[in-house]
Amino acid sequence: MSAVTTTAPAVTEAPPAVRRKRRSLSPGRRLPATRLIGPVLLLALWAAASAAGRLDPGAVPAPWTVLETGARLWTEGTLPDDILTSLQRAASGFAIGLVAGVALALAAGLSRVGEALIDGTVNLNRAIPTLGLIPLFILWLGIGETFKIAIIAIVVYIPIYLNTHAALAGIDSRFVELAEVQGLNRFQFIRQIVIPGALPGFFVGLRLGVTGSWLGLVVLEQINATSGLGYLMFQAQNYGQSDVILVGLVVYGVFGLVSDSAVRLIERRVLSWRRTLSS
Amino acid sequence: MATHTEQLTRPAVRLRGLTRSFDRRTVLDGIDLDIPAGQFVALLGHSGSGKSTLLRAIAGLDHQVTGSGQLTAPERISVVFQDSRLLPWRRVLDNVLLGTDGEDKGRAALEEVGLGGREQAWPSELSGGEAQRAALARSLVREPELLLADEPFGALDALTRIKMHALLRELWERHRPSVLLVTHDVDEAIVLADRVLVLEEGRIGLDLAIDRDAGADARGEYRLRLLAALGVTEDLR
Ligand SMILES: Nc1ncnc2c1ncn2[C@@H]1O[C@H](COP(=O)(O)OP(=O)(O)OP(=O)(O)O)[C@@H](O)[C@H]1O
Ligand SMILES: [Mg+2]
């Protein structure tokens with residue numbers, strides 16, 4: 001306002017007492033593509049430092065070196081195969097974990113018998129760090145794909161179960177009363193009130209599960225695998241190829257970002273009735 | 001009234017010795033009550049006197065409550081709560097149709113309560129009064145023989161309340177359900193009902209017929225009697 005330095009006093013300024021508005025506590029209107037600003041800035045910094053020769057290319061290669069290596073691995077190397085293998089593992093484990101988490105949460109949330117049998121068991125399972133189960137699972141299932149998928153499924157099902165179950169248990173009792181008054185039968189009650197009411201919690205679990213599937217994948221592929229992205233990176237470590245490691249990290253990052261964005265998009269579509277801070 | 005004599009012979013609601021208690025504390029203590037079909041009854045009483053308990057008993061919502069007595073109530077009962085209780089994940093029209101179908105009926109009901117054109121709105125987009133009108137539409141769609149309402153206007157401002165009174169009375173005149181309206185507002189009871197009950201110590205302490213054509217004097221008289229029954233005596237002189 002004070003940037004206008006004309007001799008005339010600020011006549012156009014509205015009387016301040018009238019213009020006073022309550023300070024908005026919501027973060028404000030969402031800007032387009034703002035989520036990319038941070039990463040892009042970081043990338044620019046990295047490129048600038050590399051160009052200025054401030055970074056040891058052996059430890060942190062320049063962005064363009066990473067890109068070149070990525071392109072080379074893609075056309076000449078095993079990168080497409082490795083990506084496909086990793087994606088398959090993550091997707092299979094995630095799918096199994098998702099189905100198991102939702103099914104168990106429904107069983108535990110909708111029947112007392114189910115709750116008695118399932119809830120305590122899952123919480124016991126949760127108390128044991130899943131990655132600590134790896135040695136046992138290798139003994140049981142061998143170092144094949146099965147054990148990797150099983151571990152990822154466990155990492156995924158737990159947050160999905162916990163959040164969905166909590167959401168189911170937290171359905172407002174006033175809505176239960178409403179359903180009775182409106183004469184809904186049990187099936188209608190579950191479909192029209194319980195499930196939509198539990199969806200927000202389910203999505204929280206889903207996003208944690210997606211993150212968990214990548215986390216599990218990275219760990220599994222780096223300790224014992226003969227193919228996949230993690231294996232590629234593990235090999236590169238032995239030969240001191242930091243650019244290859246970075247290619248692997250970039251691919252993991254893209255996976256994570258894309259899957260999380262996809263879940264967010266679905267969430268916003270499905271929960272369009274919610275008017276919260278994030279919308 | 002004379003035209004309704006045939007209906008009067010068979011009450012819509014019939015309570016005999018209705019008793020309800022929580023933790024051995026008796027809240028309703030042997031209530032006898034007949035509500036003729038099509039009558040508009042208001043129920044007054046102190047906070048905690050058991051108005052909601054009685055309403056929930058008639059609505060069949062008191063599963064865990066110990067009690068005895070006879071209760072006859074119609075098949076089709078609608079309940080309007082103090083909060084509009086619209087499901088936030090369903091659009092207004094779908095809320096109105098909860099538990100029934102027939103889109104046209106739903107639209108007509110919304111039209112009747114003055115919400116025509118808002119069928120596709122989300123409940124969070126409605127004002128308090130609009131939400132309560134949507135709840136009223138939801139209860140109408142089922143063509144209830146008995147409408148139970150537990151302080152349906154308690155959360156509304158005075159101006160909206162007056163409009164809602166007119167609307168409710170108008171809807172009642174058109175559809176003629178029996179109504180049992182719980183309120184803590186003596187004036188609301190006199191304005192709306194044909195008959196006002198005061199619940200006191202687990203029983204009907206006062207059963208007052210309201211002559212709706214009566215003048216201001218008679219209304220003042222009703223008011224004093226109801227207030228006295230509620231134990232507000234400083235107004236009397
Ligand atoms: N589920 C319950 N468990 C134990 N006590 C209850 C329960 N519901 C109601 N009560 C008790 O029964 C009494 C009557 O309650 P009720 O809700 O019927 O009162 P009310 O007349 O509707 O009051 P208000 O005008 O404040 O709504 C109260 O003393 C209350 O504490
Ligand atoms: Mg009450």
# chains A, B, ... in the order shown; residues from 1 in each chain; ligands from 1

$ closest_atom_pairs --of "chain A" --to "chain B" --cutoff "9 Å" --atoms "only C-alpha atoms" --output "JSON lines"
{"residue": "A:Arg174", "atom": "CA", "partner": "B:Arg85", "partner_atom": "CA", "distance": 7.5}
{"residue": "A:Phe175", "atom": "CA", "partner": "B:Arg85", "partner_atom": "CA", "distance": 7.2}
{"residue": "A:Glu177", "atom": "CA", "partner": "B:Leu61", "partner_atom": "CA", "distance": 7.2}
{"residue": "A:Leu178", "atom": "CA", "partner": "B:Arg85", "partner_atom": "CA", "distance": 7.5}
{"residue": "A:Ala179", "atom": "CA", "partner": "B:Gly99", "partner_atom": "CA", "distance": 7.8}
{"residue": "A:Glu180", "atom": "CA", "partner": "B:Leu61", "partner_atom": "CA", "distance": 7.5}
{"residue": "A:Val181", "atom": "CA", "partner": "B:Val79", "partner_atom": "CA", "distance": 6.7}
{"residue": "A:Gln182", "atom": "CA", "partner": "B:Gly99", "partner_atom": "CA", "distance": 5.4}
{"residue": "A:Gly183", "atom": "CA", "partner": "B:Gly99", "partner_atom": "CA", "distance": 6.1}
{"residue": "A:Leu184", "atom": "CA", "partner": "B:Gly99", "partner_atom": "CA", "distance": 5.4}
{"residue": "A:Asn185", "atom": "CA", "partner": "B:Gly99", "partner_atom": "CA", "distance": 8.6}
{"residue": "A:Gln188", "atom": "CA", "partner": "B:Gly99", "partner_atom": "CA", "distance": 8.0}
{"residue": "A:Gln192", "atom": "CA", "partner": "B:Leu98", "partner_atom": "CA", "distance": 8.5}
{"residue": "A:Ile193", "atom": "CA", "partner": "B:Leu87", "partner_atom": "CA", "distance": 7.9}
{"residue": "A:Pro196", "atom": "CA", "partner": "B:Trp89", "partner_atom": "CA", "distance": 6.9}
{"residue": "A:Gly197", "atom": "CA", "partner": "B:Trp89", "partner_atom": "CA", "distance": 7.7}
{"residue": "A:Leu271", "atom": "CA", "partner": "B:Trp89", "partner_atom": "CA", "distance": 7.6}
{"residue": "A:Ser272", "atom": "CA", "partner": "B:Trp89", "partner_atom": "CA", "distance": 8.3}
{"residue": "A:Trp273", "atom": "CA", "partner": "B:Trp89", "partner_atom": "CA", "distance": 5.4}
{"residue": "A:Arg274", "atom": "CA", "partner": "B:Trp89", "partner_atom": "CA", "distance": 7.5}
{"residue": "A:Arg275", "atom": "CA", "partner": "B:Ser124", "partner_atom": "CA", "distance": 7.8}

$ residues_around --residues "range 203-220 of chain A" --least-positions-apart "6" --cutoff "8 Å" --atoms "only C-alpha atoms" --output "list in words"
Ser86, Arg89, Ala90, Gly93, Phe94, Leu98, Leu131, Lys148, Ile151, Ile152, Ala153, Val155, Val156, Tyr157, Ile158, Pro159, Ile160, Tyr161, Leu162, Asn163, Thr164, Gly230, Tyr252, Gly256, Ser259, Asp260, Val263 and Glu267 of chain A

$ residues_around --residues "Ile31 in chain B" --least-positions-apart "4" --cutoff "12 Å" --atoms "only C-alpha atoms" --output "number ranges by chain"
B: 14-20, 26-27, 50-51, 53-54, 57-58, 67-71, 197-205

$ write_last_selection --atoms "N, CA and C atoms" --output "PDB file, in the first residue's frame"
ATOM      1  N   ARG B  14     -51.101 -45.889  22.110  1.00  0.00           N
ATOM      2  CA  ARG B  14     -51.787 -46.287  23.329  1.00  0.00           C
ATOM      3  C   ARG B  14     -50.753 -46.831  24.296  1.00  0.00           C
ATOM      4  N   LEU B  15     -50.605 -46.132  25.424  1.00  0.00           N
ATOM      5  CA  LEU B  15     -49.645 -46.568  26.447  1.00  0.00           C
ATOM      6  C   LEU B  15     -50.400 -46.935  27.701  1.00  0.00           C
ATOM      7  N   ARG B  16     -50.026 -48.059  28.298  1.00  0.00           N
ATOM      8  CA  ARG B  16     -50.634 -48.462  29.566  1.00  0.00           C
ATOM      9  C   ARG B  16     -49.537 -48.880  30.532  1.00  0.00           C
ATOM     10  N   GLY B  17     -49.422 -48.111  31.578  1.00  0.00           N
ATOM     11  CA  GLY B  17     -48.453 -48.464  32.621  1.00  0.00           C
ATOM     12  C   GLY B  17     -47.019 -48.526  32.122  1.00  0.00           C
ATOM     13  N   LEU B  18     -46.672 -47.607  31.209  1.00  0.00           N
ATOM     14  CA  LEU B  18     -45.327 -47.649  30.630  1.00  0.00           C
ATOM     15  C   LEU B  18     -44.295 -47.205  31.662  1.00  0.00           C
ATOM     16  N   THR B  19     -43.342 -48.066  31.902  1.00  0.00           N
ATOM     17  CA  THR B  19     -42.312 -47.800  32.903  1.00  0.00           C
ATOM     18  C   THR B  19     -40.938 -47.976  32.265  1.00  0.00           C
ATOM     19  N   ARG B  20     -40.067 -47.036  32.556  1.00  0.00           N
ATOM     20  CA  ARG B  20     -38.686 -47.157  32.069  1.00  0.00           C
ATOM     21  C   ARG B  20     -37.743 -46.691  33.168  1.00  0.00           C
ATOM     22  N   THR B  26     -36.188 -44.859  38.425  1.00  0.00           N
ATOM     23  CA  THR B  26     -37.342 -44.853  37.542  1.00  0.00           C
ATOM     24  C   THR B  26     -37.504 -43.481  36.897  1.00  0.00           C
ATOM     25  N   VAL B  27     -37.511 -43.466  35.585  1.00  0.00           N
ATOM     26  CA  VAL B  27     -37.673 -42.206  34.862  1.00  0.00           C
ATOM     27  C   VAL B  27     -39.123 -42.055  34.401  1.00  0.00           C
ATOM     28  N   GLY B  50     -37.600 -36.967  31.418  1.00  0.00           N
ATOM     29  CA  GLY B  50     -37.887 -38.217  30.717  1.00  0.00           C
ATOM     30  C   GLY B  50     -38.618 -38.053  29.395  1.00  0.00           C
ATOM     31  N   LYS B  51     -38.625 -36.855  28.857  1.00  0.00           N
ATOM     32  CA  LYS B  51     -39.325 -36.626  27.583  1.00  0.00           C
ATOM     33  C   LYS B  51     -38.704 -37.451  26.459  1.00  0.00           C
ATOM     34  N   THR B  53     -36.851 -40.010  26.789  1.00  0.00           N
ATOM     35  CA  THR B  53     -37.005 -41.429  27.102  1.00  0.00           C
ATOM     36  C   THR B  53     -38.355 -41.944  26.621  1.00  0.00           C
ATOM     37  N   LEU B  54     -39.390 -41.150  26.842  1.00  0.00           N
ATOM     38  CA  LEU B  54     -40.729 -41.533  26.401  1.00  0.00           C
ATOM     39  C   LEU B  54     -40.789 -41.624  24.874  1.00  0.00           C
ATOM     40  N   ALA B  57     -39.000 -44.605  23.610  1.00  0.00           N
ATOM     41  CA  ALA B  57     -39.771 -45.829  23.866  1.00  0.00           C
ATOM     42  C   ALA B  57     -40.822 -46.019  22.778  1.00  0.00           C
ATOM     43  N   ILE B  58     -41.536 -44.939  22.447  1.00  0.00           N
ATOM     44  CA  ILE B  58     -42.578 -45.046  21.423  1.00  0.00           C
ATOM     45  C   ILE B  58     -41.953 -45.354  20.064  1.00  0.00           C
ATOM     46  N   GLY B  67     -37.730 -51.953  31.440  1.00  0.00           N
ATOM     47  CA  GLY B  67     -39.023 -51.323  31.606  1.00  0.00           C
ATOM     48  C   GLY B  67     -40.137 -52.316  31.377  1.00  0.00           C
ATOM     49  N   SER B  68     -41.355 -51.842  31.627  1.00  0.00           N
ATOM     50  CA  SER B  68     -42.511 -52.706  31.426  1.00  0.00           C
ATOM     51  C   SER B  68     -43.653 -51.852  30.924  1.00  0.00           C
ATOM     52  N   GLY B  69     -44.814 -52.478  30.736  1.00  0.00           N
ATOM     53  CA  GLY B  69     -45.981 -51.739  30.287  1.00  0.00           C
ATOM     54  C   GLY B  69     -46.367 -52.125  28.877  1.00  0.00           C
ATOM     55  N   GLN B  70     -47.540 -51.639  28.492  1.00  0.00           N
ATOM     56  CA  GLN B  70     -48.062 -51.931  27.160  1.00  0.00           C
ATOM     57  C   GLN B  70     -47.855 -50.747  26.248  1.00  0.00           C
ATOM     58  N   LEU B  71     -47.523 -51.014  25.010  1.00  0.00           N
ATOM     59  CA  LEU B  71     -47.286 -49.927  24.075  1.00  0.00           C
ATOM     60  C   LEU B  71     -47.826 -50.331  22.717  1.00  0.00           C
ATOM     61  N   LEU B 197     -49.060 -31.872  27.009  1.00  0.00           N
ATOM     62  CA  LEU B 197     -48.843 -32.707  28.178  1.00  0.00           C
ATOM     63  C   LEU B 197     -47.643 -32.187  28.939  1.00  0.00           C
ATOM     64  N   VAL B 198     -47.702 -32.270  30.248  1.00  0.00           N
ATOM     65  CA  VAL B 198     -46.520 -31.947  31.042  1.00  0.00           C
ATOM     66  C   VAL B 198     -46.078 -33.205  31.768  1.00  0.00           C
ATOM     67  N   LEU B 199     -44.851 -33.565  31.552  1.00  0.00           N
ATOM     68  CA  LEU B 199     -44.298 -34.756  32.182  1.00  0.00           C
ATOM     69  C   LEU B 199     -43.653 -34.342  33.490  1.00  0.00           C
ATOM     70  N   GLU B 200     -44.053 -35.038  34.550  1.00  0.00           N
ATOM     71  CA  GLU B 200     -43.564 -34.625  35.861  1.00  0.00           C
ATOM     72  C   GLU B 200     -43.402 -35.851  36.739  1.00  0.00           C
ATOM     73  N   GLU B 201     -42.224 -36.043  37.240  1.00  0.00           N
ATOM     74  CA  GLU B 201     -41.924 -37.171  38.108  1.00  0.00           C
ATOM     75  C   GLU B 201     -42.405 -38.482  37.516  1.00  0.00           C
ATOM     76  N   GLY B 202     -42.134 -38.657  36.257  1.00  0.00           N
ATOM     77  CA  GLY B 202     -42.420 -39.938  35.618  1.00  0.00           C
ATOM     78  C   GLY B 202     -43.857 -40.148  35.200  1.00  0.00           C
ATOM     79  N   ARG B 203     -44.708 -39.130  35.407  1.00  0.00           N
ATOM     80  CA  ARG B 203     -46.109 -39.270  35.013  1.00  0.00           C
ATOM     81  C   ARG B 203     -46.568 -38.043  34.250  1.00  0.00           C
ATOM     82  N   ILE B 204     -47.749 -38.175  33.620  1.00  0.00           N
ATOM     83  CA  ILE B 204     -48.317 -37.010  32.958  1.00  0.00           C
ATOM     84  C   ILE B 204     -48.934 -36.136  34.045  1.00  0.00           C
ATOM     85  N   GLY B 205     -48.303 -35.027  34.343  1.00  0.00           N
ATOM     86  CA  GLY B 205     -48.776 -34.168  35.423  1.00  0.00           C
ATOM     87  C   GLY B 205     -49.937 -33.292  35.001  1.00  0.00           C
TER      88      GLY B 205
END

$ residues_around --residues "Leu43 in chain B" --least-positions-apart "3" --cutoff "7 Å" --atoms "only C-alpha atoms" --output "PyMOL selection string"
chain B and resi 180-183+196-198

$ residues_around --residues "range 101-118 of chain B" --least-positions-apart "5" --cutoff "10 Å" --atoms "only C-alpha atoms" --output "list in words"
Arg91, Val92, Leu93, Asp94, Asn95, Val96, Pro123, Glu125, Leu126, Glu130, Ala131, Gln132, Arg133, Ala134, Ala135, Leu136, Ala137, Arg138, Ser139, Leu140, Val141, Arg142, Met164, Leu167, Leu168, Glu170 and Leu171 of chain B

$ residues_around --residues "Tyr231 in chain A" --least-positions-apart "3" --cutoff "12 Å" --atoms "only C-alpha atoms" --output "list in words"
Thr78, Leu79, Asp81, Asp82, Ile83, Thr85, Ser86, Leu217, Val218, Val219, Leu220, Glu221, Gln222, Ile223, Asn224, Ala225, Thr226, Ser227, Gly228, Phe234, Gln235, Ala236, Gln237, Asn238, Val244, Ile245 and Gly248 of chain A

$ write_last_selection --atoms "N, CA, C and O atoms" --output "CSV table (one decimal), in the first residue's frame"
chain,number,residue,atom,x,y,z
A,78,THR,N,19.6,-53.6,-17.9
A,78,THR,CA,18.5,-54.4,-17.4
A,78,THR,C,17.4,-53.6,-16.7
A,78,THR,O,16.5,-54.1,-16.1
A,79,LEU,N,17.5,-52.2,-16.8
A,79,LEU,CA,16.6,-51.4,-16.1
A,79,LEU,C,15.2,-51.7,-16.3
A,79,LEU,O,14.4,-51.8,-15.3
A,81,ASP,N,13.7,-54.4,-17.1
A,81,ASP,CA,13.4,-55.7,-16.5
A,81,ASP,C,13.3,-55.5,-14.9
A,81,ASP,O,12.4,-56.0,-14.3
A,82,ASP,N,14.3,-54.8,-14.4
A,82,ASP,CA,14.4,-54.6,-13.0
A,82,ASP,C,13.2,-53.8,-12.5
A,82,ASP,O,12.6,-54.2,-11.4
A,83,ILE,N,12.8,-52.8,-13.2
A,83,ILE,CA,11.6,-52.0,-12.8
A,83,ILE,C,10.4,-52.9,-12.8
A,83,ILE,O,9.6,-52.9,-11.9
A,85,THR,N,10.2,-56.2,-12.5
A,85,THR,CA,10.2,-57.1,-11.4
A,85,THR,C,9.8,-56.5,-10.1
A,85,THR,O,9.0,-57.0,-9.4
A,86,SER,N,10.4,-55.3,-9.8
A,86,SER,CA,10.1,-54.6,-8.6
A,86,SER,C,8.6,-54.2,-8.5
A,86,SER,O,7.9,-54.4,-7.5
A,217,LEU,N,9.7,-53.1,-0.1
A,217,LEU,CA,10.4,-53.5,-1.3
A,217,LEU,C,11.9,-53.1,-1.3
A,217,LEU,O,12.7,-54.0,-1.6
A,218,VAL,N,12.2,-51.9,-0.9
A,218,VAL,CA,13.6,-51.5,-0.9
A,218,VAL,C,14.4,-52.4,0.0
A,218,VAL,O,15.4,-52.9,-0.4
A,219,VAL,N,13.9,-52.6,1.2
A,219,VAL,CA,14.6,-53.4,2.2
A,219,VAL,C,14.8,-54.8,1.6
A,219,VAL,O,16.0,-55.3,1.6
A,220,LEU,N,13.8,-55.4,1.1
A,220,LEU,CA,13.8,-56.8,0.7
A,220,LEU,C,14.8,-57.0,-0.5
A,220,LEU,O,15.6,-57.9,-0.5
A,221,GLU,N,14.8,-56.0,-1.4
A,221,GLU,CA,15.6,-56.2,-2.6
A,221,GLU,C,17.0,-55.9,-2.3
A,221,GLU,O,17.9,-56.4,-3.1
A,222,GLN,N,17.3,-55.2,-1.2
A,222,GLN,CA,18.7,-54.9,-1.0
A,222,GLN,C,19.4,-56.0,-0.2
A,222,GLN,O,20.6,-56.1,-0.1
A,223,ILE,N,18.6,-56.7,0.6
A,223,ILE,CA,19.3,-57.8,1.4
A,223,ILE,C,19.4,-59.1,0.7
A,223,ILE,O,20.4,-59.7,0.8
A,224,ASN,N,18.4,-59.5,-0.1
A,224,ASN,CA,18.6,-60.7,-0.8
A,224,ASN,C,17.7,-60.8,-2.0
A,224,ASN,O,16.6,-61.1,-1.9
A,225,ALA,N,18.3,-60.4,-3.1
A,225,ALA,CA,17.6,-60.5,-4.4
A,225,ALA,C,18.6,-60.7,-5.5
A,225,ALA,O,19.7,-60.4,-5.4
A,226,THR,N,18.1,-61.3,-6.6
A,226,THR,CA,19.0,-61.4,-7.7
A,226,THR,C,18.5,-60.6,-8.9
A,226,THR,O,19.0,-60.7,-10.0
A,227,SER,N,17.4,-59.9,-8.7
A,227,SER,CA,16.9,-59.0,-9.7
A,227,SER,C,16.1,-57.9,-9.1
A,227,SER,O,15.9,-58.0,-7.9
A,228,GLY,N,15.8,-56.9,-9.8
A,228,GLY,CA,15.0,-55.8,-9.3
A,228,GLY,C,15.8,-54.6,-9.0
A,228,GLY,O,17.1,-54.7,-9.1
A,234,PHE,N,22.4,-52.4,-5.2
A,234,PHE,CA,23.3,-53.1,-4.4
A,234,PHE,C,24.6,-53.5,-5.1
A,234,PHE,O,25.7,-53.3,-4.6
A,235,GLN,N,24.4,-53.9,-6.4
A,235,GLN,CA,25.5,-54.2,-7.3
A,235,GLN,C,26.4,-52.9,-7.5
A,235,GLN,O,27.6,-52.9,-7.4
A,236,ALA,N,25.7,-51.8,-7.7
A,236,ALA,CA,26.3,-50.6,-8.0
A,236,ALA,C,27.2,-50.1,-6.8
A,236,ALA,O,28.3,-49.6,-7.0
A,237,GLN,N,26.7,-50.4,-5.7
A,237,GLN,CA,27.4,-50.1,-4.4
A,237,GLN,C,28.8,-50.8,-4.4
A,237,GLN,O,29.8,-50.2,-4.1
A,238,ASN,N,28.8,-52.1,-4.8
A,238,ASN,CA,30.0,-52.9,-4.9
A,238,ASN,C,31.0,-52.3,-5.9
A,238,ASN,O,32.2,-52.4,-5.6
A,244,VAL,N,24.5,-44.9,-10.7
A,244,VAL,CA,23.5,-46.0,-10.8
A,244,VAL,C,22.6,-46.0,-9.6
A,244,VAL,O,21.4,-46.2,-9.7
A,245,ILE,N,23.2,-45.8,-8.4
A,245,ILE,CA,22.4,-45.8,-7.2
A,245,ILE,C,21.4,-44.7,-7.3
A,245,ILE,O,20.2,-44.9,-6.9
A,248,GLY,N,18.5,-45.5,-9.4
A,248,GLY,CA,17.5,-46.4,-8.6
A,248,GLY,C,16.7,-45.6,-7.7
A,248,GLY,O,15.5,-45.7,-7.6

$ atom_distance --atom1 "CA of Ile138 in chain A" --atom2 "CA of Gly240 in chain A"
28.8 Å

$ select_by_dssp --residues "range 12-64 of chain B" --states "alpha helix (DSSP H)" --output "list in words"
Lys51, Ser52, Thr53, Leu54, Leu55, Arg56, Ala57, Ile58 and Ala59 of chain B

$ write_last_selection --atoms "all heavy atoms" --output "PDB file, in the first residue's frame"
ATOM      1  N   LYS B  51     -38.625 -36.855  28.857  1.00  0.00           N
ATOM      2  CA  LYS B  51     -39.325 -36.626  27.583  1.00  0.00           C
ATOM      3  C   LYS B  51     -38.704 -37.451  26.459  1.00  0.00           C
ATOM      4  O   LYS B  51     -39.406 -38.153  25.729  1.00  0.00           O
ATOM      5  CB  LYS B  51     -39.273 -35.125  27.219  1.00  0.00           C
ATOM      6  CG  LYS B  51     -39.822 -34.201  28.284  1.00  0.00           C
ATOM      7  CD  LYS B  51     -39.827 -32.764  27.818  1.00  0.00           C
ATOM      8  CE  LYS B  51     -38.446 -32.171  27.610  1.00  0.00           C
ATOM      9  NZ  LYS B  51     -37.643 -32.061  28.834  1.00  0.00           N
ATOM     10  N   SER B  52     -37.394 -37.349  26.365  1.00  0.00           N
ATOM     11  CA  SER B  52     -36.728 -38.117  25.308  1.00  0.00           C
ATOM     12  C   SER B  52     -36.873 -39.612  25.535  1.00  0.00           C
ATOM     13  O   SER B  52     -37.025 -40.383  24.579  1.00  0.00           O
ATOM     14  CB  SER B  52     -35.249 -37.746  25.245  1.00  0.00           C
ATOM     15  OG  SER B  52     -35.092 -36.386  24.930  1.00  0.00           O
ATOM     16  N   THR B  53     -36.851 -40.010  26.789  1.00  0.00           N
ATOM     17  CA  THR B  53     -37.005 -41.429  27.102  1.00  0.00           C
ATOM     18  C   THR B  53     -38.355 -41.944  26.621  1.00  0.00           C
ATOM     19  O   THR B  53     -38.442 -43.020  26.017  1.00  0.00           O
ATOM     20  CB  THR B  53     -36.867 -41.640  28.625  1.00  0.00           C
ATOM     21  OG1 THR B  53     -35.641 -41.042  29.058  1.00  0.00           O
ATOM     22  CG2 THR B  53     -36.881 -43.099  28.975  1.00  0.00           C
ATOM     23  N   LEU B  54     -39.390 -41.150  26.842  1.00  0.00           N
ATOM     24  CA  LEU B  54     -40.729 -41.533  26.401  1.00  0.00           C
ATOM     25  C   LEU B  54     -40.789 -41.624  24.874  1.00  0.00           C
ATOM     26  O   LEU B  54     -41.311 -42.587  24.304  1.00  0.00           O
ATOM     27  CB  LEU B  54     -41.752 -40.503  26.918  1.00  0.00           C
ATOM     28  CG  LEU B  54     -43.206 -40.720  26.499  1.00  0.00           C
ATOM     29  CD1 LEU B  54     -43.700 -42.081  26.972  1.00  0.00           C
ATOM     30  CD2 LEU B  54     -44.104 -39.620  27.034  1.00  0.00           C
ATOM     31  N   LEU B  55     -40.205 -40.613  24.228  1.00  0.00           N
ATOM     32  CA  LEU B  55     -40.221 -40.575  22.773  1.00  0.00           C
ATOM     33  C   LEU B  55     -39.488 -41.779  22.188  1.00  0.00           C
ATOM     34  O   LEU B  55     -39.956 -42.416  21.240  1.00  0.00           O
ATOM     35  CB  LEU B  55     -39.544 -39.286  22.309  1.00  0.00           C
ATOM     36  CG  LEU B  55     -39.987 -38.789  20.955  1.00  0.00           C
ATOM     37  CD1 LEU B  55     -41.258 -37.994  21.112  1.00  0.00           C
ATOM     38  CD2 LEU B  55     -38.906 -37.939  20.329  1.00  0.00           C
ATOM     39  N   ARG B  56     -38.341 -42.080  22.793  1.00  0.00           N
ATOM     40  CA  ARG B  56     -37.546 -43.200  22.279  1.00  0.00           C
ATOM     41  C   ARG B  56     -38.260 -44.525  22.510  1.00  0.00           C
ATOM     42  O   ARG B  56     -38.136 -45.451  21.704  1.00  0.00           O
ATOM     43  CB  ARG B  56     -36.170 -43.206  22.934  1.00  0.00           C
ATOM     44  CG  ARG B  56     -35.339 -41.981  22.561  1.00  0.00           C
ATOM     45  CD  ARG B  56     -34.111 -41.868  23.425  1.00  0.00           C
ATOM     46  NE  ARG B  56     -33.302 -43.072  23.326  1.00  0.00           N
ATOM     47  CZ  ARG B  56     -32.447 -43.294  22.333  1.00  0.00           C
ATOM     48  NH1 ARG B  56     -32.268 -42.387  21.413  1.00  0.00           N
ATOM     49  NH2 ARG B  56     -31.783 -44.411  22.278  1.00  0.00           N
ATOM     50  N   ALA B  57     -39.000 -44.605  23.610  1.00  0.00           N
ATOM     51  CA  ALA B  57     -39.771 -45.829  23.866  1.00  0.00           C
ATOM     52  C   ALA B  57     -40.822 -46.019  22.778  1.00  0.00           C
ATOM     53  O   ALA B  57     -40.969 -47.106  22.219  1.00  0.00           O
ATOM     54  CB  ALA B  57     -40.422 -45.757  25.247  1.00  0.00           C
ATOM     55  N   ILE B  58     -41.536 -44.939  22.447  1.00  0.00           N
ATOM     56  CA  ILE B  58     -42.578 -45.046  21.423  1.00  0.00           C
ATOM     57  C   ILE B  58     -41.953 -45.354  20.064  1.00  0.00           C
ATOM     58  O   ILE B  58     -42.497 -46.110  19.269  1.00  0.00           O
ATOM     59  CB  ILE B  58     -43.413 -43.747  21.374  1.00  0.00           C
ATOM     60  CG1 ILE B  58     -44.115 -43.535  22.718  1.00  0.00           C
ATOM     61  CG2 ILE B  58     -44.442 -43.822  20.255  1.00  0.00           C
ATOM     62  CD1 ILE B  58     -44.841 -42.207  22.824  1.00  0.00           C
ATOM     63  N   ALA B  59     -40.778 -44.776  19.808  1.00  0.00           N
ATOM     64  CA  ALA B  59     -40.107 -45.008  18.524  1.00  0.00           C
ATOM     65  C   ALA B  59     -39.470 -46.393  18.451  1.00  0.00           C
ATOM     66  O   ALA B  59     -39.016 -46.813  17.399  1.00  0.00           O
ATOM     67  CB  ALA B  59     -39.031 -43.941  18.298  1.00  0.00           C
TER      68      ALA B  59
END

$ atom_distance --atom1 "CA of Leu156 in chain B" --atom2 "atom 21 (O, counted along the ligand's line) of ligand 1"
19.0 Å

$ atom_distance --atom1 "CA of His46 in chain B" --atom2 "CA of Val186 in chain B"
11.2 Å

$ select_by_dssp --residues "range 4-212 of chain B" --states "strand (DSSP E)" --output "ChimeraX atom specification"
/B:11-22,25-36,40-45,66-72,77-80,146-150,178-182,195-200,203-209

$ residues_around --residues "range 41-58 of chain A" --least-positions-apart "4" --cutoff "8 Å" --atoms "only C-alpha atoms" --output "list in words"
Ile37, Ala62, Pro63, Gln241 and Ser242 of chain A

$ closest_residue --among "B:His184, B:Val41, B:Leu33, B:Pro144" --to "ligand 2" --atoms "only C-alpha atoms and all ligand atoms"
B:His184
